file my_file-v6.txt (compact mmCIF, C-alpha atoms and all ligand atoms)
# COMPACT_ATOMS: atom_id res chain seq x y z
CA MET A 1 -3.66 70.84 -13.23
CA LYS A 2 -3.45 67.07 -13.07
CA LYS A 3 -5.81 64.32 -14.08
CA ILE A 4 -5.89 61.00 -12.26
CA LEU A 5 -7.45 57.65 -13.14
CA ILE A 6 -8.27 55.11 -10.44
CA ILE A 7 -9.28 51.61 -11.51
CA GLY A 8 -11.62 49.75 -9.15
CA SER A 9 -14.79 50.14 -7.14
CA GLY A 10 -14.23 49.48 -3.42
CA GLY A 11 -13.59 51.42 -0.24
CA ARG A 12 -9.87 51.42 -1.03
CA GLU A 13 -10.53 53.13 -4.34
CA HIS A 14 -12.80 55.66 -2.60
CA VAL A 15 -10.09 56.66 -0.12
CA LEU A 16 -7.52 56.85 -2.93
CA ALA A 17 -9.84 59.07 -4.97
CA SER A 18 -10.60 61.39 -2.07
CA SER A 19 -6.94 61.55 -0.96
CA LEU A 20 -5.80 62.49 -4.46
CA ALA A 21 -8.67 64.93 -4.97
CA ALA A 22 -7.49 66.71 -1.81
CA SER A 23 -4.32 67.83 -3.61
CA ASP A 24 -4.33 71.42 -4.99
CA LYS A 25 -2.54 70.11 -8.06
CA VAL A 26 -5.32 67.70 -8.98
CA GLU A 27 -8.13 68.88 -11.21
CA THR A 28 -10.08 65.65 -11.80
CA VAL A 29 -10.04 62.09 -10.53
CA TYR A 30 -11.72 59.60 -12.87
CA CYS A 31 -12.89 56.41 -11.16
CA ALA A 32 -13.46 53.36 -13.33
CA PRO A 33 -16.04 52.29 -12.38
CA GLY A 34 -15.96 53.88 -8.89
CA ASN A 35 -19.02 53.62 -6.61
CA GLY A 36 -21.68 55.74 -4.95
CA GLY A 37 -19.06 57.30 -2.70
CA THR A 38 -16.73 58.44 -5.47
CA ALA A 39 -19.81 59.70 -7.37
CA LEU A 40 -20.43 62.18 -4.54
CA GLU A 41 -16.80 63.17 -3.98
CA GLU A 42 -15.67 66.62 -5.13
CA LYS A 43 -13.54 66.63 -8.32
CA CYS A 44 -14.33 62.93 -8.89
CA HIS A 45 -16.15 61.45 -11.89
CA ASN A 46 -17.19 57.86 -12.36
CA ILE A 47 -16.65 56.35 -15.80
CA PRO A 48 -17.43 52.83 -17.00
CA PHE A 49 -14.72 50.21 -16.69
CA THR A 50 -14.42 48.58 -20.09
CA SER A 51 -11.18 46.61 -20.26
CA LEU A 52 -7.55 47.31 -19.42
CA GLU A 53 -6.98 48.23 -23.09
CA GLY A 54 -9.99 50.50 -22.90
CA MET A 55 -8.57 52.17 -19.78
CA ALA A 56 -5.24 52.74 -21.54
CA ASP A 57 -7.10 54.30 -24.50
CA PHE A 58 -9.00 56.55 -22.08
CA ALA A 59 -5.78 57.59 -20.29
CA ALA A 60 -4.13 58.42 -23.61
CA GLU A 61 -7.12 60.40 -24.96
CA LYS A 62 -7.71 62.36 -21.77
CA GLY A 63 -4.04 62.99 -21.07
CA ILE A 64 -4.19 61.30 -17.66
CA ASP A 65 -1.11 62.18 -15.58
CA LEU A 66 -1.23 59.24 -13.17
CA THR A 67 -3.18 55.98 -13.07
CA ILE A 68 -3.59 53.84 -9.94
CA PRO A 69 -5.07 50.36 -10.20
CA GLY A 70 -6.60 49.20 -6.91
CA ALA A 71 -6.89 45.43 -7.04
CA GLU A 72 -4.36 42.66 -7.57
CA VAL A 73 -6.18 41.09 -10.52
CA TYR A 74 -5.41 44.08 -12.78
CA LEU A 75 -1.77 44.02 -11.71
CA CYS A 76 -1.44 40.28 -12.32
CA ASP A 77 -3.15 40.77 -15.69
CA GLY A 78 -0.34 43.16 -16.61
CA VAL A 79 -2.04 46.57 -16.49
CA VAL A 80 1.28 48.23 -15.57
CA ASP A 81 3.18 46.58 -18.44
CA LEU A 82 0.40 47.65 -20.82
CA PHE A 83 0.37 51.29 -19.67
CA ARG A 84 4.16 51.50 -19.64
CA SER A 85 4.38 50.06 -23.16
CA ARG A 86 2.15 52.94 -24.28
CA GLY A 87 4.18 55.56 -22.43
CA LEU A 88 1.45 56.16 -19.81
CA THR A 89 2.34 56.91 -16.19
CA ILE A 90 1.01 54.32 -13.75
CA PHE A 91 1.66 53.50 -10.09
CA GLY A 92 1.99 49.79 -9.30
CA PRO A 93 4.12 46.71 -9.95
CA HIS A 94 4.55 45.21 -13.40
CA ARG A 95 3.23 41.70 -13.87
CA ALA A 96 6.38 39.86 -12.77
CA ALA A 97 6.44 41.69 -9.43
CA ALA A 98 2.66 41.46 -9.01
CA MET A 99 3.07 37.69 -9.16
CA LEU A 100 4.67 37.88 -5.70
CA GLU A 101 1.04 38.16 -4.68
CA GLY A 102 -0.41 36.20 -7.61
CA SER A 103 1.57 33.03 -6.88
CA LYS A 104 2.19 31.91 -3.31
CA ALA A 105 4.71 29.32 -4.52
CA LEU A 106 6.68 31.98 -6.38
CA ALA A 107 6.52 34.29 -3.37
CA LYS A 108 7.81 31.59 -1.02
CA ASP A 109 10.66 30.74 -3.39
CA PHE A 110 11.55 34.45 -3.55
CA MET A 111 11.52 34.72 0.27
CA LYS A 112 13.70 31.64 0.65
CA LYS A 113 16.15 32.71 -2.03
CA HIS A 114 16.57 36.18 -0.55
CA ASN A 115 16.57 35.20 3.15
CA VAL A 116 13.27 36.82 4.02
CA LYS A 117 12.11 35.30 7.32
CA THR A 118 9.07 33.11 6.69
CA ALA A 119 7.46 29.78 7.66
CA ALA A 120 9.08 26.59 6.30
CA TYR A 121 7.20 25.22 3.26
CA GLU A 122 7.06 22.76 0.40
CA ARG A 123 5.28 23.18 -2.93
CA PHE A 124 3.42 20.50 -4.88
CA SER A 125 1.85 20.35 -8.31
CA ARG A 126 0.67 16.74 -7.87
CA ALA A 127 -2.06 15.81 -5.39
CA ASP A 128 -0.60 12.35 -4.66
CA GLU A 129 2.73 13.86 -3.64
CA ALA A 130 1.03 16.51 -1.49
CA LEU A 131 -1.05 13.77 0.21
CA ASP A 132 2.05 11.66 0.83
CA TYR A 133 3.76 14.65 2.39
CA VAL A 134 0.96 15.54 4.84
CA ARG A 135 0.74 11.90 5.98
CA LYS A 136 4.22 12.35 7.46
CA ALA A 137 4.35 16.07 8.32
CA PRO A 138 3.62 17.39 11.83
CA CYS A 139 0.26 19.18 12.37
CA PRO A 140 -1.18 21.77 12.51
CA LEU A 141 -0.16 22.89 9.04
CA VAL A 142 -1.42 25.31 6.43
CA VAL A 143 -2.48 24.34 2.90
CA LYS A 144 -2.56 27.21 0.39
CA ALA A 145 -3.81 27.32 -3.17
CA ASP A 146 -1.03 28.85 -5.22
CA GLY A 147 -3.00 31.43 -7.17
CA LEU A 148 -5.41 34.27 -6.41
CA ALA A 149 -8.49 33.00 -4.58
CA ALA A 150 -9.96 36.22 -3.14
CA GLY A 151 -8.47 35.51 0.28
CA LYS A 152 -10.18 32.09 0.52
CA GLY A 153 -7.40 29.82 -0.67
CA VAL A 154 -5.68 29.39 2.72
CA ILE A 155 -6.81 26.45 4.86
CA ILE A 156 -5.47 25.90 8.37
CA CYS A 157 -5.48 22.18 9.14
CA GLN A 158 -5.40 20.90 12.73
CA ASN A 159 -4.80 17.27 11.76
CA ARG A 160 -3.94 14.95 8.90
CA GLU A 161 -7.57 14.34 7.89
CA GLU A 162 -8.21 18.07 7.50
CA ALA A 163 -5.04 18.44 5.45
CA GLU A 164 -6.08 15.58 3.15
CA THR A 165 -9.52 17.13 2.69
CA ALA A 166 -7.96 20.53 1.94
CA ILE A 167 -5.65 19.07 -0.70
CA GLU A 168 -8.54 17.19 -2.30
CA GLN A 169 -10.72 20.31 -2.34
CA ILE A 170 -8.02 22.46 -3.87
CA MET A 171 -6.25 20.07 -6.23
CA VAL A 172 -8.81 17.40 -7.12
CA ASP A 173 -12.19 19.19 -6.87
CA SER A 174 -10.64 22.48 -8.09
CA ALA A 175 -12.57 24.53 -5.50
CA PHE A 176 -10.51 27.59 -6.53
CA GLY A 177 -10.18 26.70 -10.22
CA GLU A 178 -6.79 27.18 -11.82
CA ALA A 179 -5.50 28.85 -8.61
CA GLY A 180 -5.34 25.38 -7.07
CA SER A 181 -3.31 23.58 -9.70
CA GLU A 182 -0.40 23.90 -7.31
CA VAL A 183 -0.34 24.10 -3.48
CA VAL A 184 2.06 25.41 -0.88
CA ILE A 185 2.08 23.43 2.38
CA GLU A 186 3.49 25.44 5.19
CA GLU A 187 4.43 25.20 8.85
CA PHE A 188 1.72 26.70 11.09
CA LEU A 189 2.92 29.76 12.97
CA GLU A 190 1.37 30.68 16.30
CA GLY A 191 1.30 34.40 17.07
CA LYS A 192 -0.25 37.79 16.46
CA GLU A 193 -0.67 39.37 13.05
CA ALA A 194 0.21 42.81 11.75
CA SER A 195 0.03 44.52 8.36
CA ILE A 196 2.66 46.96 7.20
CA LEU A 197 2.16 48.77 3.92
CA ALA A 198 5.19 50.36 2.35
CA LEU A 199 5.84 52.48 -0.69
CA TYR A 200 8.62 51.31 -3.02
CA ASP A 201 10.01 53.48 -5.80
CA GLY A 202 12.46 51.02 -7.35
CA ASN A 203 15.19 52.20 -5.06
CA THR A 204 13.92 53.35 -1.66
CA ILE A 205 11.22 51.76 0.48
CA ILE A 206 9.19 53.78 2.96
CA PRO A 207 7.11 51.85 5.52
CA PHE A 208 3.80 53.38 6.57
CA ILE A 209 2.17 53.35 10.01
CA SER A 210 1.46 49.73 10.99
CA ALA A 211 -2.06 48.34 11.00
CA LYS A 212 -4.11 45.51 12.41
CA ASP A 213 -6.78 43.87 10.29
CA HIS A 214 -9.78 41.90 11.62
CA LYS A 215 -10.37 39.26 8.99
CA LYS A 216 -13.18 37.10 10.35
CA ILE A 217 -16.88 37.92 10.18
CA GLY A 218 -17.48 37.17 13.87
CA GLU A 219 -16.34 38.87 17.04
CA GLY A 220 -13.29 37.34 18.72
CA GLU A 221 -12.00 36.28 15.25
CA THR A 222 -14.64 33.58 14.74
CA GLY A 223 -16.56 32.40 11.69
CA LEU A 224 -15.78 32.79 8.03
CA ASN A 225 -12.96 34.79 6.48
CA THR A 226 -13.88 38.11 4.89
CA GLY A 227 -12.03 40.79 2.95
CA GLY A 228 -11.55 42.55 6.32
CA MET A 229 -14.17 43.81 8.84
CA GLY A 230 -12.14 46.59 10.40
CA VAL A 231 -8.64 47.92 10.96
CA ILE A 232 -6.83 49.97 13.55
CA ALA A 233 -3.63 51.89 12.99
CA PRO A 234 -1.06 51.95 14.41
CA ASN A 235 -1.01 48.30 15.51
CA PRO A 236 -0.40 48.41 19.30
CA LEU A 237 1.87 45.34 19.09
CA VAL A 238 4.25 46.84 16.54
CA ASN A 239 6.74 48.50 18.88
CA GLU A 240 10.22 49.69 18.00
CA ASP A 241 11.73 46.26 18.55
CA VAL A 242 9.21 44.58 16.19
CA MET A 243 9.78 47.32 13.63
CA ASN A 244 13.55 46.82 13.78
CA GLN A 245 13.16 43.07 13.29
CA PHE A 246 10.75 43.66 10.42
CA VAL A 247 13.20 45.97 8.70
CA ARG A 248 16.19 43.69 9.22
CA ASP A 249 14.59 40.29 8.56
CA ILE A 250 11.91 41.12 6.01
CA MET A 251 11.86 44.58 4.46
CA ASP A 252 15.53 45.05 3.64
CA PRO A 253 16.04 41.50 2.29
CA THR A 254 12.92 41.97 0.14
CA VAL A 255 14.30 45.15 -1.42
CA LYS A 256 17.65 43.49 -2.02
CA GLY A 257 15.82 40.61 -3.68
CA LEU A 258 13.74 42.90 -5.89
CA LYS A 259 16.85 44.74 -7.03
CA SER A 260 18.86 41.61 -7.68
CA GLU A 261 15.99 40.26 -9.81
CA GLY A 262 15.73 43.54 -11.71
CA MET A 263 12.16 44.19 -10.56
CA ASP A 264 11.98 47.90 -11.13
CA PHE A 265 8.63 49.50 -10.32
CA ALA A 266 6.93 52.06 -8.13
CA GLY A 267 4.13 50.64 -6.05
CA ILE A 268 2.90 49.43 -2.71
CA ILE A 269 4.26 46.38 -0.96
CA PHE A 270 1.91 45.23 1.77
CA PHE A 271 3.62 42.85 4.19
CA GLY A 272 1.33 40.41 6.05
CA LEU A 273 3.24 39.56 9.23
CA MET A 274 3.09 37.05 12.08
CA MET A 275 4.85 37.97 15.32
CA ASN A 276 5.83 35.49 18.03
CA GLU A 277 8.68 34.82 20.47
CA LYS A 278 10.85 33.59 17.59
CA GLY A 279 10.59 36.93 15.81
CA VAL A 280 8.68 38.50 12.95
CA PHE A 281 7.73 36.28 10.00
CA LEU A 282 6.37 37.20 6.60
CA LEU A 283 3.15 35.33 5.77
CA GLU A 284 2.56 36.97 2.43
CA TYR A 285 3.18 39.87 0.09
CA ASN A 286 0.29 41.84 -1.31
CA MET A 287 1.45 44.13 -4.09
CA ARG A 288 -1.24 46.82 -3.66
CA PHE A 289 -2.99 48.88 -1.03
CA GLY A 290 -4.96 46.76 1.48
CA ASP A 291 -8.70 47.15 1.84
CA PRO A 292 -9.63 48.39 4.50
CA GLU A 293 -6.00 49.11 5.53
CA ALA A 294 -5.84 51.98 3.02
CA GLN A 295 -9.01 53.56 4.41
CA THR A 296 -7.46 53.48 7.89
CA VAL A 297 -3.84 54.44 7.16
CA LEU A 298 -4.09 57.01 4.32
CA PRO A 299 -5.97 59.57 6.46
CA LEU A 300 -3.07 59.53 8.97
CA PHE A 301 -0.67 60.88 6.33
CA GLU A 302 0.24 64.55 6.62
CA GLY A 303 1.12 65.42 3.09
CA ASP A 304 0.00 65.46 -0.51
CA TRP A 305 -0.71 62.01 -1.94
CA TYR A 306 -0.38 63.27 -5.50
CA ASP A 307 3.12 64.59 -4.80
CA PHE A 308 4.14 61.49 -2.87
CA LEU A 309 2.95 58.99 -5.50
CA THR A 310 4.41 61.12 -8.29
CA ALA A 311 7.75 61.25 -6.49
CA ALA A 312 7.57 57.44 -6.32
CA VAL A 313 6.95 56.93 -10.04
CA GLU A 314 9.90 59.24 -10.70
CA GLY A 315 12.07 57.10 -8.39
CA GLN A 316 12.36 60.03 -5.95
CA ALA A 317 10.16 58.94 -3.02
CA GLY A 318 13.16 59.24 -0.70
CA THR A 319 13.15 63.02 -1.18
CA TYR A 320 9.52 63.41 -0.07
CA PRO A 321 9.16 64.65 3.54
CA VAL A 322 6.90 61.92 4.94
CA LYS A 323 5.01 62.81 8.12
CA TRP A 324 2.25 60.97 9.93
CA LYS A 325 -0.30 62.18 12.46
CA LYS A 326 0.56 61.16 16.01
CA GLY A 327 -2.89 59.77 16.85
CA HIS A 328 -4.89 56.66 16.07
CA SER A 329 -7.26 55.63 13.34
CA CYS A 330 -10.09 53.12 13.67
CA CYS A 331 -12.07 51.77 10.72
CA VAL A 332 -15.26 49.78 11.28
CA VAL A 333 -16.76 48.05 8.25
CA MET A 334 -20.55 47.98 7.99
CA ALA A 335 -21.66 45.02 5.91
CA SER A 336 -24.88 43.60 4.59
CA GLY A 337 -26.29 40.77 6.76
CA GLY A 338 -25.31 37.38 5.30
CA TYR A 339 -21.89 38.54 4.03
CA PRO A 340 -19.46 36.83 3.26
CA GLU A 341 -22.08 34.39 1.95
CA THR A 342 -25.34 35.51 0.29
CA TYR A 343 -26.77 38.91 1.22
CA GLY A 344 -29.44 41.30 0.04
CA LYS A 345 -28.86 44.48 -2.01
CA GLY A 346 -30.65 47.71 -2.76
CA PHE A 347 -31.18 48.89 0.84
CA GLU A 348 -31.26 52.66 1.24
CA ILE A 349 -28.52 54.09 3.46
CA SER A 350 -29.26 57.04 5.75
CA GLY A 351 -27.76 58.89 8.70
CA PHE A 352 -24.79 60.70 7.17
CA GLU A 353 -25.58 64.03 8.87
CA GLY A 354 -23.36 65.40 11.60
CA LEU A 355 -20.78 62.60 11.58
CA ASP A 356 -17.32 63.09 12.99
CA SER A 357 -15.86 60.14 11.03
CA ARG A 358 -14.96 59.93 7.39
CA ILE A 359 -17.13 57.56 5.41
CA TYR A 360 -15.67 55.55 2.56
CA ILE A 361 -18.19 53.68 0.46
CA ALA A 362 -17.31 50.12 -0.51
CA GLY A 363 -20.48 48.58 -1.92
CA ALA A 364 -23.19 51.17 -2.58
CA GLU A 365 -24.49 52.96 -5.67
CA LEU A 366 -25.95 56.39 -6.09
CA ARG A 367 -29.47 56.06 -7.50
CA GLU A 368 -31.68 59.15 -7.93
CA GLY A 369 -29.65 60.97 -5.32
CA THR A 370 -29.78 58.18 -2.70
CA LEU A 371 -27.13 55.67 -1.74
CA LYS A 372 -28.34 52.08 -2.00
CA THR A 373 -26.33 49.04 -0.95
CA SER A 374 -24.85 46.98 -3.79
CA GLY A 375 -22.20 44.84 -2.13
CA GLY A 376 -21.32 42.72 0.91
CA ARG A 377 -19.00 45.20 2.56
CA VAL A 378 -21.09 48.37 2.26
CA LEU A 379 -19.10 51.17 3.86
CA ASN A 380 -16.21 52.05 6.15
CA VAL A 381 -16.54 54.38 9.13
CA VAL A 382 -13.09 55.80 9.88
CA ALA A 383 -12.48 57.90 12.98
CA TYR A 384 -9.39 59.64 14.30
CA GLY A 385 -8.49 60.06 17.97
CA ASP A 386 -5.55 61.04 20.13
CA SER A 387 -5.87 57.61 21.72
CA LEU A 388 -7.10 54.31 20.31
CA GLU A 389 -10.00 54.45 22.79
CA GLU A 390 -11.08 57.83 21.47
CA ALA A 391 -10.85 56.70 17.84
CA ARG A 392 -12.90 53.57 18.63
CA ARG A 393 -15.52 55.48 20.59
CA LYS A 394 -16.00 58.02 17.79
CA ALA A 395 -16.17 55.34 15.10
CA TYR A 396 -18.80 53.35 16.99
CA GLU A 397 -20.88 56.46 17.79
CA ASP A 398 -21.08 57.13 14.07
CA VAL A 399 -21.76 53.49 13.20
CA GLU A 400 -24.86 53.76 15.42
CA ARG A 401 -26.06 56.81 13.44
CA ILE A 402 -25.87 55.11 10.03
CA HIS A 403 -28.73 52.87 8.98
CA PHE A 404 -29.53 50.47 6.19
CA GLY A 405 -31.51 47.22 5.99
CA LYS A 406 -29.80 44.24 7.64
CA ALA A 407 -26.62 46.16 8.52
CA VAL A 408 -24.04 44.17 10.49
CA PHE A 409 -20.65 45.10 11.95
CA ARG A 410 -18.17 43.76 14.48
CA LYS A 411 -18.31 45.47 17.88
CA ASP A 412 -14.75 44.50 18.81
CA ILE A 413 -12.57 46.30 16.26
CA GLY A 414 -9.47 47.39 18.16
CA ALA A 415 -10.82 46.05 21.48
P1 LIG B 1 -2.28 34.69 3.59
O1 LIG B 1 -3.27 34.91 2.48
O2 LIG B 1 -1.10 33.88 3.21
O3 LIG B 1 -1.95 35.91 4.40
O4 LIG B 1 -3.10 33.86 4.65
C1 LIG B 1 -4.35 34.32 5.14
C2 LIG B 1 -4.41 34.14 6.63
O5 LIG B 1 -4.12 32.78 6.96
C3 LIG B 1 -3.35 34.94 7.38
O6 LIG B 1 -3.77 36.25 7.62
C4 LIG B 1 -3.20 34.12 8.64
O7 LIG B 1 -4.24 34.41 9.55
C5 LIG B 1 -3.36 32.71 8.15
N1 LIG B 1 -2.06 32.08 7.85
C6 LIG B 1 -1.42 32.04 6.66
N2 LIG B 1 -0.25 31.37 6.76
C7 LIG B 1 -0.13 30.98 8.04
C8 LIG B 1 0.85 30.26 8.77
N3 LIG B 1 1.96 29.78 8.20
N4 LIG B 1 0.63 30.05 10.08
C9 LIG B 1 -0.49 30.51 10.69
N5 LIG B 1 -1.47 31.17 10.06
C10 LIG B 1 -1.30 31.42 8.75
N1 LIG B 2 -7.45 43.48 4.17
C1 LIG B 2 -6.61 42.55 3.54
C2 LIG B 2 -6.34 42.77 2.11
O1 LIG B 2 -6.56 43.82 1.55
O2 LIG B 2 -5.83 41.85 1.50

call {"tool": "encode", "arguments": {"input": "my_file-v6.txt", "output": "structure tokens"}}
result
Amino acid sequence: MKKILIIGSGGREHVLASSLAASDKVETVYCAPGNGGTALEEKCHNIPFTSLEGMADFAAEKGIDLTIPGAEVYLCDGVVDLFRSRGLTIFGPHRAAAMLEGSKALAKDFMKKHNVKTAAYERFSRADEALDYVRKAPCPLVVKADGLAAGKGVIICQNREEAETAIEQIMVDSAFGEAGSEVVIEEFLEGKEASILALYDGNTIIPFISAKDHKKIGEGETGLNTGGMGVIAPNPLVNEDVMNQFVRDIMDPTVKGLKSEGMDFAGIIFFGLMMNEKGVFLLEYNMRFGDPEAQTVLPLFEGDWYDFLTAAVEGQAGTYPVKWKKGHSCCVVMASGGYPETYGKGFEISGFEGLDSRIYIAGAELREGTLKTSGGRVLNVVAYGDSLEEARRKAYEDVERIHFGKAVFRKDIGA
């Protein structure tokens, strides 16, 4: 029987833990540090997160068969290189490949070099040169801090003044710290967005069911950016034609690029796409499962996640018989009022009885047998339906049953 280690504490890590625990081959899933949801999940045990070295020691001592890091920071800090150097099995990209998410400048150079369809761009490591450039460039345009900025480092600028302010914030005032020592300035693309996660095993790439994220806090995509307030899958706009363009213009050139650069790993590549009349463009690579895309897409898989991920780390994902449910999945995020700015914590959560949806906890702890909120995004309500309408209706019925102090959610996920 197999032992798994999952590193991280969000809703994505909860769905990974529960999906792996569902395999007959899996005995225990350790979650470091996990959350109140993984604490309650069968076969799962929360353990403290110490450091990446500490996690490698734990994996070696316990004889962990497979480790899965959730978030990009661990990958960019080299958790995969560390585990591999100690002969430990881990699913995810090594540092050099993780930097396709960790550096937007590097990612854009990779896309250009390997003919991956993307917006035109320039990169700057000097503020005066960036300012000079935007004084002449057509607007709107997009200014992006190069490094990881928790989804906040992208500023869409309608005019020259906004672009100058963005450059000053990022490069002069260091609003995102070191992440802003370089910027990418990019052509603004009009269109509709889609997310496609895919599993790469170093040789074969297998795209999952498409998804649609809802990034803003407010209904109708208004207000501040968040980690994601809800997802539907499949994305109704990703038809066969879009999928074919994605494969031809983005996915296949990416794999060719990875191979030609000798980037050999098993992990997730999450393609952030923009679709318009000129085709399908790649906005960004994320080199990990999306949150809450994972909570929405993983439950649609008809198979054994342990077997599938193990096949991937053995470079054999192509032999796994991948099947997806025919229906639709709708994930509504319930958050704590005030998120993504300041919000309260410690509110008791109730109303889990008789739900049709699956609940994945994102920011709540188990204290004396009760779940209490501990984060901004508190939990994910994920419903399945034969139609999108059915999935939405079920998810929202269950959202109404769950209560905690100052709970907020978007009413228009998938509308
Ligand atoms: P990224 O982190 O690069 O995906 O950017 C975050 C969000 O900014 C995306 O989901 C888009 O909504 C928006 N965005 C990024 N780049 C562009 C672009 N070139 N044109 C229009 N919107 C963009
Ligand atoms: N939901 C977007 C992300 O995980 O980056």

call {"tool": "residues_around", "arguments": {"input": "my_file-v6.txt", "residues": "Gly354 in chain A", "least_positions_apart": "2", "cutoff": "10 Å", "atoms": "only C-alpha atoms", "output": "list in words"}}
result
Gly351, Phe352, Asp356, Ser357, Asp398 and Arg401 of chain A

call {"tool": "atom_distance", "arguments": {"input": "my_file-v6.txt", "atom1": "CA of Glu302 in chain A", "atom2": "CA of Ile250 in chain A"}}
result
26.2 Å

call {"tool": "closest_atom_pairs", "arguments": {"input": "my_file-v6.txt", "of": "chain A", "to": "ligand LIG 1 (chain B)", "cutoff": "10 Å", "atoms": "only C-alpha atoms and all ligand atoms", "output": "JSON lines"}}
result
{"residue": "A:Glu101", "atom": "CA", "partner": "B:LIG1", "partner_atom": "O1", "distance": 9.0}
{"residue": "A:Lys104", "atom": "CA", "partner": "B:LIG1", "partner_atom": "O2", "distance": 7.6}
{"residue": "A:Thr118", "atom": "CA", "partner": "B:LIG1", "partner_atom": "N3", "distance": 8.0}
{"residue": "A:Ala119", "atom": "CA", "partner": "B:LIG1", "partner_atom": "N3", "distance": 5.5}
{"residue": "A:Ala120", "atom": "CA", "partner": "B:LIG1", "partner_atom": "N3", "distance": 8.0}
{"residue": "A:Tyr121", "atom": "CA", "partner": "B:LIG1", "partner_atom": "N3", "distance": 8.5}
{"residue": "A:Pro140", "atom": "CA", "partner": "B:LIG1", "partner_atom": "N4", "distance": 8.8}
{"residue": "A:Leu141", "atom": "CA", "partner": "B:LIG1", "partner_atom": "N3", "distance": 7.3}
{"residue": "A:Val142", "atom": "CA", "partner": "B:LIG1", "partner_atom": "N3", "distance": 5.9}
{"residue": "A:Val143", "atom": "CA", "partner": "B:LIG1", "partner_atom": "N2", "distance": 8.3}
{"residue": "A:Lys144", "atom": "CA", "partner": "B:LIG1", "partner_atom": "O2", "distance": 7.4}
{"residue": "A:Ala145", "atom": "CA", "partner": "B:LIG1", "partner_atom": "O1", "distance": 9.5}
{"residue": "A:Asp146", "atom": "CA", "partner": "B:LIG1", "partner_atom": "O2", "distance": 9.8}
{"residue": "A:Leu148", "atom": "CA", "partner": "B:LIG1", "partner_atom": "O1", "distance": 9.2}
{"residue": "A:Ala149", "atom": "CA", "partner": "B:LIG1", "partner_atom": "O1", "distance": 9.0}
{"residue": "A:Ala150", "atom": "CA", "partner": "B:LIG1", "partner_atom": "O1", "distance": 8.8}
{"residue": "A:Gly151", "atom": "CA", "partner": "B:LIG1", "partner_atom": "O1", "distance": 5.7}
{"residue": "A:Lys152", "atom": "CA", "partner": "B:LIG1", "partner_atom": "O1", "distance": 7.7}
{"residue": "A:Gly153", "atom": "CA", "partner": "B:LIG1", "partner_atom": "O1", "distance": 7.3}
{"residue": "A:Val154", "atom": "CA", "partner": "B:LIG1", "partner_atom": "O4", "distance": 5.5}
{"residue": "A:Ile155", "atom": "CA", "partner": "B:LIG1", "partner_atom": "O5", "distance": 7.2}
{"residue": "A:Ile156", "atom": "CA", "partner": "B:LIG1", "partner_atom": "N5", "distance": 6.8}
{"residue": "A:Cys157", "atom": "CA", "partner": "B:LIG1", "partner_atom": "C9", "distance": 9.8}
{"residue": "A:Val184", "atom": "CA", "partner": "B:LIG1", "partner_atom": "O2", "distance": 9.9}
{"residue": "A:Ile185", "atom": "CA", "partner": "B:LIG1", "partner_atom": "N3", "distance": 8.6}
{"residue": "A:Glu186", "atom": "CA", "partner": "B:LIG1", "partner_atom": "N3", "distance": 5.5}
{"residue": "A:Glu187", "atom": "CA", "partner": "B:LIG1", "partner_atom": "N3", "distance": 5.2}
{"residue": "A:Phe188", "atom": "CA", "partner": "B:LIG1", "partner_atom": "N4", "distance": 3.7}
{"residue": "A:Leu189", "atom": "CA", "partner": "B:LIG1", "partner_atom": "N4", "distance": 3.7}
{"residue": "A:Glu190", "atom": "CA", "partner": "B:LIG1", "partner_atom": "C9", "distance": 5.9}
{"residue": "A:Gly191", "atom": "CA", "partner": "B:LIG1", "partner_atom": "C9", "distance": 7.7}
{"residue": "A:Lys192", "atom": "CA", "partner": "B:LIG1", "partner_atom": "O7", "distance": 8.7}
{"residue": "A:Glu193", "atom": "CA", "partner": "B:LIG1", "partner_atom": "O6", "distance": 7.0}
{"residue": "A:Ala194", "atom": "CA", "partner": "B:LIG1", "partner_atom": "O6", "distance": 8.7}
{"residue": "A:Ser195", "atom": "CA", "partner": "B:LIG1", "partner_atom": "O6", "distance": 9.1}
{"residue": "A:Asp213", "atom": "CA", "partner": "B:LIG1", "partner_atom": "O6", "distance": 8.6}
{"residue": "A:His214", "atom": "CA", "partner": "B:LIG1", "partner_atom": "O6", "distance": 9.2}
{"residue": "A:Lys215", "atom": "CA", "partner": "B:LIG1", "partner_atom": "O6", "distance": 7.4}
{"residue": "A:Lys216", "atom": "CA", "partner": "B:LIG1", "partner_atom": "O7", "distance": 9.4}
{"residue": "A:Glu221", "atom": "CA", "partner": "B:LIG1", "partner_atom": "O7", "distance": 9.8}
{"residue": "A:Asn225", "atom": "CA", "partner": "B:LIG1", "partner_atom": "C2", "distance": 8.6}
{"residue": "A:Phe271", "atom": "CA", "partner": "B:LIG1", "partner_atom": "O3", "distance": 8.9}
{"residue": "A:Gly272", "atom": "CA", "partner": "B:LIG1", "partner_atom": "O3", "distance": 5.8}
{"residue": "A:Leu273", "atom": "CA", "partner": "B:LIG1", "partner_atom": "O6", "distance": 7.9}
{"residue": "A:Met274", "atom": "CA", "partner": "B:LIG1", "partner_atom": "C9", "distance": 7.6}
{"residue": "A:Phe281", "atom": "CA", "partner": "B:LIG1", "partner_atom": "N3", "distance": 8.9}
{"residue": "A:Leu282", "atom": "CA", "partner": "B:LIG1", "partner_atom": "O3", "distance": 8.7}
{"residue": "A:Leu283", "atom": "CA", "partner": "B:LIG1", "partner_atom": "O2", "distance": 5.2}
{"residue": "A:Glu284", "atom": "CA", "partner": "B:LIG1", "partner_atom": "O2", "distance": 4.9}
{"residue": "A:Tyr285", "atom": "CA", "partner": "B:LIG1", "partner_atom": "O3", "distance": 7.8}
{"residue": "A:Asn286", "atom": "CA", "partner": "B:LIG1", "partner_atom": "O3", "distance": 8.5}
